[in-house]
Amino acid sequence: MELHNLMEYEVKYTLNHILETTEDVKCSCEHCKLDIMAIALNSLPPKYIVTEKGLLYSRISNFNQQFNADVVAAIAKGIKVVNENPRHE
Ligand SMILES: [Zn+2]
């Protein structure tokens, strides 16, 4: 069995969608993406689930059907912070 924070996958999925569909993120390197995710996840409630190994995918594949407004707002906040203060040159 494995423990997963579904919110982490939801944030990652939503951020990737934002990166693909908008120009809002000034730098989309791995460092900035992880910083945006950390800021967003710190302001969102965790959603822990226990699944059998490999069964996580079916839960994740539901994300693309609707975007959670709270998740989108938390990511927008993270993007703003990282755009203004990227932690690298
Ligand atoms: Zn960057």
# chains A, B, ... in the order shown; residues from 1 in each chain; ligands from 1

call {"tool": "residues_near_ligand", "arguments": {"ligand": "ligand 1", "cutoff": "6 Å", "atoms": "only C-alpha atoms and all ligand atoms", "output": "MDAnalysis selection string"}}
result
chainID A and resid 27:29 31:32

call {"tool": "residues_around", "arguments": {"residues": "Glu84 of chain A", "least_positions_apart": "6", "cutoff": "12 Å", "atoms": "only C-alpha atoms", "output": "list in words"}}
result
Asp24, Val25, Lys26, Cys27, Cys32, Ile36, Lys77 and Gly78 of chain A

call {"tool": "residues_around", "arguments": {"residues": "Glu23 of chain A", "least_positions_apart": "6", "cutoff": "12 Å", "atoms": "only C-alpha atoms", "output": "list in words"}}
result
Leu15, Asn16, His17, Ile79 and Asn83 of chain A

call {"tool": "select_by_dssp", "arguments": {"residues": "chain A", "states": "strand (DSSP E or B)", "output": "list of chain:residue names"}}
result
A:Glu2, A:Leu3, A:His4, A:Asn5, A:Tyr48, A:Ile49, A:Val50, A:Thr51

call {"tool": "write_last_selection", "arguments": {"atoms": "all heavy atoms", "output": "CSV table (one decimal), in the first residue's frame"}}
result
chain,number,residue,atom,x,y,z
A,2,GLU,N,0.3,2.3,-0.5
A,2,GLU,CA,1.1,3.6,-0.6
A,2,GLU,C,0.2,4.7,-0.1
A,2,GLU,O,-1.0,4.8,-0.3
A,2,GLU,CB,1.5,3.9,-2.1
A,2,GLU,CG,2.5,2.8,-2.6
A,2,GLU,CD,2.7,3.1,-4.1
A,2,GLU,OE1,1.7,3.5,-4.8
A,2,GLU,OE2,3.8,2.9,-4.6
A,3,LEU,N,0.9,5.7,0.5
A,3,LEU,CA,0.2,6.9,1.0
A,3,LEU,C,0.5,8.0,0.0
A,3,LEU,O,1.7,8.3,-0.4
A,3,LEU,CB,0.8,7.3,2.3
A,3,LEU,CG,0.2,8.5,3.0
A,3,LEU,CD1,-1.2,8.3,3.4
A,3,LEU,CD2,1.0,8.8,4.3
A,4,HIS,N,-0.5,8.7,-0.5
A,4,HIS,CA,-0.3,9.8,-1.4
A,4,HIS,C,-1.2,11.0,-1.0
A,4,HIS,O,-2.3,10.9,-0.5
A,4,HIS,CB,-0.8,9.4,-2.8
A,4,HIS,CG,-0.1,8.3,-3.5
A,4,HIS,ND1,1.2,8.5,-4.1
A,4,HIS,CD2,-0.3,7.0,-3.5
A,4,HIS,CE1,1.6,7.3,-4.5
A,4,HIS,NE2,0.7,6.4,-4.2
A,5,ASN,N,-0.6,12.2,-1.3
A,5,ASN,CA,-1.4,13.4,-1.1
A,5,ASN,C,-1.9,13.8,-2.5
A,5,ASN,O,-1.2,14.3,-3.3
A,5,ASN,CB,-0.5,14.5,-0.5
A,5,ASN,CG,-1.2,15.8,-0.4
A,5,ASN,OD1,-2.4,15.9,-0.6
A,5,ASN,ND2,-0.5,16.9,0.0
A,48,TYR,N,-5.0,13.2,1.7
A,48,TYR,CA,-4.3,12.0,1.7
A,48,TYR,C,-5.2,10.8,1.4
A,48,TYR,O,-6.4,10.7,1.9
A,48,TYR,CB,-3.6,11.8,3.1
A,48,TYR,CG,-2.4,12.6,3.2
A,48,TYR,CD1,-2.3,13.7,4.0
A,48,TYR,CD2,-1.2,12.2,2.5
A,48,TYR,CE1,-1.2,14.5,4.1
A,48,TYR,CE2,-0.1,13.0,2.6
A,48,TYR,CZ,-0.1,14.1,3.4
A,48,TYR,OH,1.1,14.9,3.5
A,49,ILE,N,-4.7,9.9,0.6
A,49,ILE,CA,-5.4,8.6,0.3
A,49,ILE,C,-4.4,7.5,0.4
A,49,ILE,O,-3.2,7.7,0.2
A,49,ILE,CB,-6.1,8.6,-1.0
A,49,ILE,CG1,-5.1,8.9,-2.2
A,49,ILE,CG2,-7.2,9.6,-1.1
A,49,ILE,CD1,-5.5,8.4,-3.5
A,50,VAL,N,-4.9,6.3,0.7
A,50,VAL,CA,-4.1,5.1,0.7
A,50,VAL,C,-4.6,4.3,-0.5
A,50,VAL,O,-5.8,4.1,-0.6
A,50,VAL,CB,-4.2,4.4,2.0
A,50,VAL,CG1,-3.5,3.0,2.0
A,50,VAL,CG2,-3.8,5.2,3.2
A,51,THR,N,-3.7,3.9,-1.3
A,51,THR,CA,-4.0,3.1,-2.5
A,51,THR,C,-3.1,1.9,-2.6
A,51,THR,O,-2.0,1.9,-2.0
A,51,THR,CB,-3.9,3.8,-3.8
A,51,THR,OG1,-2.6,4.1,-4.1
A,51,THR,CG2,-4.8,5.1,-3.8

call {"tool": "closest_residue", "arguments": {"among": "A:Pro45, A:Asn68, A:Ile39, A:Leu34", "to": "Lys80 of chain A", "atoms": "only C-alpha atoms"}}
result
A:Ile39

call {"tool": "select_by_dssp", "arguments": {"residues": "chain A", "states": "helix (DSSP H, G or I)", "output": "MDAnalysis selection string"}}
result
chainID A and resid 6:21 30:42 56:60 63:65 69:84

call {"tool": "residues_around", "arguments": {"residues": "Leu6 of chain A", "least_positions_apart": "4", "cutoff": "12 Å", "atoms": "only C-alpha atoms", "output": "JSON, numbers by chain"}}
result
{"A": [2, 10, 11, 12, 13, 41, 44, 45, 46, 47, 48, 49, 50, 51, 56, 57, 58, 59, 60, 61, 62, 63, 71]}

call {"tool": "atom_distance", "arguments": {"atom1": "atom CA of Val82 of chain A", "atom2": "atom CA of Leu19 of chain A"}}
result
13.8 Å

call {"tool": "atom_distance", "arguments": {"atom1": "atom CA of Tyr9 of chain A", "atom2": "atom CA of Glu52 of chain A"}}
result
16.5 Å
